[in-house]
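Q: Can you read through this structure? Questions will come right after.
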Amino acid sequence: MARPGTRLIISTLIGALIGVGGAAGLAFAWDAARQGDSALHEKLHQAVPLDPQEQLALDAKERAFAARRAEIEARLRGANAHLAEAIAANPSWSPQVEAATREVEQAAANLQRATLVHVFEMREGLKPEHRPAYDKVLVDALRRGSR
């Protein structure tokens with residue numbers, strides 16, 4: 001039979017492994033999502049022939065969004081760290097894990113919302129005749145991603 005101190009050490013190690021594994025899984029999924037964003041961005045640029053004026057306007061919007069996105073992604077990384085800490089401290093569904101999970105969900109929702117706002121800001125920067133091609137690529141990508 002294991003000593004009580006040994007059980008605590010083993011539980012803590014298991015919790016830490018779960019936390020690190022969960023954070024690594026989220027990081028992997030996040031990286032895959034970012035690569036998907038790049039692919040979508042490329043498809044949008046291929047589908048929509050931008051003139052120099054549109055390109056300048058959209059480049060400015062891209063720079064502004066990159067800053068917003070970096071800030072939100074930093075919050076998401078922090079939320080994932082809190083989740084890992086909560087799991088390491090108590091490897092069960094505890095109030096701390098629940099709170100940390102909600103923090104991750106909120107940060108992820110903020111990123112999704114900011115991305116959608118950016119998508120519509122970009123659309124507004126296009127000439128009206130370019131918007132249907134943009135809309136088609138965007139809607140097709142969302143439909144593919146939901147399967």
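Identifiers in the structure tokens: chain A, B, ... in order shown; residue index from 1 per chain; ligand index from 1 in order shown.
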Considering only C-alpha atoms, return as a count of residues only whatever protein or nucleic-acid residues lie within 8 Å of Leu40 (chain A), sequence-local ones (same chain, fewer than 5 positions apart) excluded.
A: 3
Q: So which residues touch region 56-72 of chain A within 10 Å, counting only C-alpha atoms, skipping near sequence neighbours fewer than 6 positions away, as a PDB file with N, CA and C atoms, in the first residue's frame?
A:
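Output below, filename selection10.pdb:
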ATOM      1  N   LEU A  50      -7.758  42.593 -56.356  1.00  0.00           N
ATOM      2  CA  LEU A  50      -7.707  43.898 -55.702  1.00  0.00           C
ATOM      3  C   LEU A  50      -6.953  44.914 -56.553  1.00  0.00           C
ATOM      4  N   GLY A  78      -2.724  32.885 -21.825  1.00  0.00           N
ATOM      5  CA  GLY A  78      -2.793  33.054 -20.375  1.00  0.00           C
ATOM      6  C   GLY A  78      -3.906  32.223 -19.767  1.00  0.00           C
ATOM      7  N   ALA A 107     -11.983  33.711 -23.949  1.00  0.00           N
ATOM      8  CA  ALA A 107     -10.894  34.203 -24.797  1.00  0.00           C
ATOM      9  C   ALA A 107     -11.050  33.686 -26.227  1.00  0.00           C
ATOM     10  N   ALA A 108     -11.419  32.415 -26.376  1.00  0.00           N
ATOM     11  CA  ALA A 108     -11.623  31.848 -27.716  1.00  0.00           C
ATOM     12  C   ALA A 108     -12.797  32.536 -28.412  1.00  0.00           C
ATOM     13  N   ALA A 109     -13.877  32.800 -27.662  1.00  0.00           N
ATOM     14  CA  ALA A 109     -15.034  33.495 -28.239  1.00  0.00           C
ATOM     15  C   ALA A 109     -14.656  34.910 -28.657  1.00  0.00           C
ATOM     16  N   ASN A 110     -13.838  35.586 -27.845  1.00  0.00           N
ATOM     17  CA  ASN A 110     -13.393  36.941 -28.203  1.00  0.00           C
ATOM     18  C   ASN A 110     -12.584  36.931 -29.492  1.00  0.00           C
ATOM     19  N   LEU A 111     -11.744  35.906 -29.662  1.00  0.00           N
ATOM     20  CA  LEU A 111     -10.957  35.807 -30.885  1.00  0.00           C
ATOM     21  C   LEU A 111     -11.859  35.563 -32.091  1.00  0.00           C
ATOM     22  N   GLN A 112     -12.824  34.672 -31.932  1.00  0.00           N
ATOM     23  CA  GLN A 112     -13.740  34.395 -33.043  1.00  0.00           C
ATOM     24  C   GLN A 112     -14.536  35.651 -33.407  1.00  0.00           C
ATOM     25  N   ALA A 114     -13.718  38.832 -32.857  1.00  0.00           N
ATOM     26  CA  ALA A 114     -12.829  39.817 -33.475  1.00  0.00           C
ATOM     27  C   ALA A 114     -12.504  39.436 -34.913  1.00  0.00           C
ATOM     28  N   THR A 115     -12.349  38.141 -35.156  1.00  0.00           N
ATOM     29  CA  THR A 115     -12.059  37.680 -36.522  1.00  0.00           C
ATOM     30  C   THR A 115     -13.241  37.974 -37.440  1.00  0.00           C
ATOM     31  N   VAL A 117     -15.554  40.299 -37.026  1.00  0.00           N
ATOM     32  CA  VAL A 117     -15.611  41.759 -37.224  1.00  0.00           C
ATOM     33  C   VAL A 117     -14.599  42.156 -38.294  1.00  0.00           C
ATOM     34  N   HIS A 118     -13.407  41.578 -38.215  1.00  0.00           N
ATOM     35  CA  HIS A 118     -12.362  41.864 -39.208  1.00  0.00           C
ATOM     36  C   HIS A 118     -12.804  41.441 -40.606  1.00  0.00           C
ATOM     37  N   VAL A 119     -13.412  40.267 -40.718  1.00  0.00           N
ATOM     38  CA  VAL A 119     -13.880  39.770 -42.018  1.00  0.00           C
ATOM     39  C   VAL A 119     -14.850  40.781 -42.634  1.00  0.00           C
ATOM     40  N   GLU A 121     -15.096  44.000 -41.831  1.00  0.00           N
ATOM     41  CA  GLU A 121     -14.362  45.244 -42.123  1.00  0.00           C
ATOM     42  C   GLU A 121     -13.641  45.121 -43.459  1.00  0.00           C
ATOM     43  N   MET A 122     -13.043  43.965 -43.697  1.00  0.00           N
ATOM     44  CA  MET A 122     -12.344  43.730 -44.967  1.00  0.00           C
ATOM     45  C   MET A 122     -13.343  43.808 -46.126  1.00  0.00           C
ATOM     46  N   ARG A 123     -14.482  43.191 -45.935  1.00  0.00           N
ATOM     47  CA  ARG A 123     -15.512  43.179 -46.983  1.00  0.00           C
ATOM     48  C   ARG A 123     -15.914  44.609 -47.333  1.00  0.00           C
ATOM     49  N   GLU A 124     -16.075  45.447 -46.313  1.00  0.00           N
ATOM     50  CA  GLU A 124     -16.466  46.841 -46.545  1.00  0.00           C
ATOM     51  C   GLU A 124     -15.404  47.613 -47.322  1.00  0.00           C
ATOM     52  N   GLY A 125     -14.153  47.168 -47.254  1.00  0.00           N
ATOM     53  CA  GLY A 125     -13.076  47.830 -47.986  1.00  0.00           C
ATOM     54  C   GLY A 125     -13.009  47.446 -49.452  1.00  0.00           C
ATOM     55  N   LEU A 126     -13.853  46.502 -49.853  1.00  0.00           N
ATOM     56  CA  LEU A 126     -13.869  46.058 -51.252  1.00  0.00           C
ATOM     57  C   LEU A 126     -14.867  46.857 -52.070  1.00  0.00           C
TER      58      LEU A 126
END
Q: At what distance in Å, to one decimal, does CA of His82 (chain A) lie from CA of Pro95 (chain A)?
A: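 For CA of Pro95 (chain A) relative to CA of His82 (chain A), the distance reads 12.6 Å.
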Q: Excluding Val97 (chain A) and any residue of its chain fewer than 2 positions from it, enumerate the residues within 9 Å of it, using only C-alpha atoms, and give them as number ranges by chain.
A: A: 82-87, 90-95, 99-102
Q: Please provide the set of residues having any atom within 6 Å of Ala79 (chain A), restricted to only C-alpha atoms, with same-chain residues fewer than 3 positions apart removed, written as a PyMOL selection string.
A: chain A and resi 76+82+103-104
Q: Would you output that residue set with N, CA and C atoms, as a compact mmCIF listing (two decimals), in the first residue's frame?
A:
# COMPACT_ATOMS: atom_id res chain seq x y z
N LEU A 76 -5.60 34.33 -24.56
CA LEU A 76 -5.95 32.91 -24.68
C LEU A 76 -4.83 32.03 -24.13
N HIS A 82 -3.70 29.22 -17.01
CA HIS A 82 -4.50 29.12 -15.79
C HIS A 82 -5.19 27.76 -15.71
N GLU A 103 -12.73 30.82 -18.65
CA GLU A 103 -11.78 31.85 -19.10
C GLU A 103 -11.26 31.51 -20.50
N VAL A 104 -10.93 30.24 -20.74
CA VAL A 104 -10.46 29.81 -22.06
C VAL A 104 -11.58 30.01 -23.09
Q: To one decimal place in Å, what is the distance between CA of His45 (chain A) and CA of Tyr134 (chain A)?
A: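 Taking CA of His45 (chain A) as the start and CA of Tyr134 (chain A) as the end point, the length is 8.5 Å.
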Q: Record the distance separating CA of Asp51 (chain A) and CA of Pro132 (chain A), expressed in Å with one decimal.
A: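 Pair CA of Asp51 (chain A) / CA of Pro132 (chain A) returns 16.0 Å.
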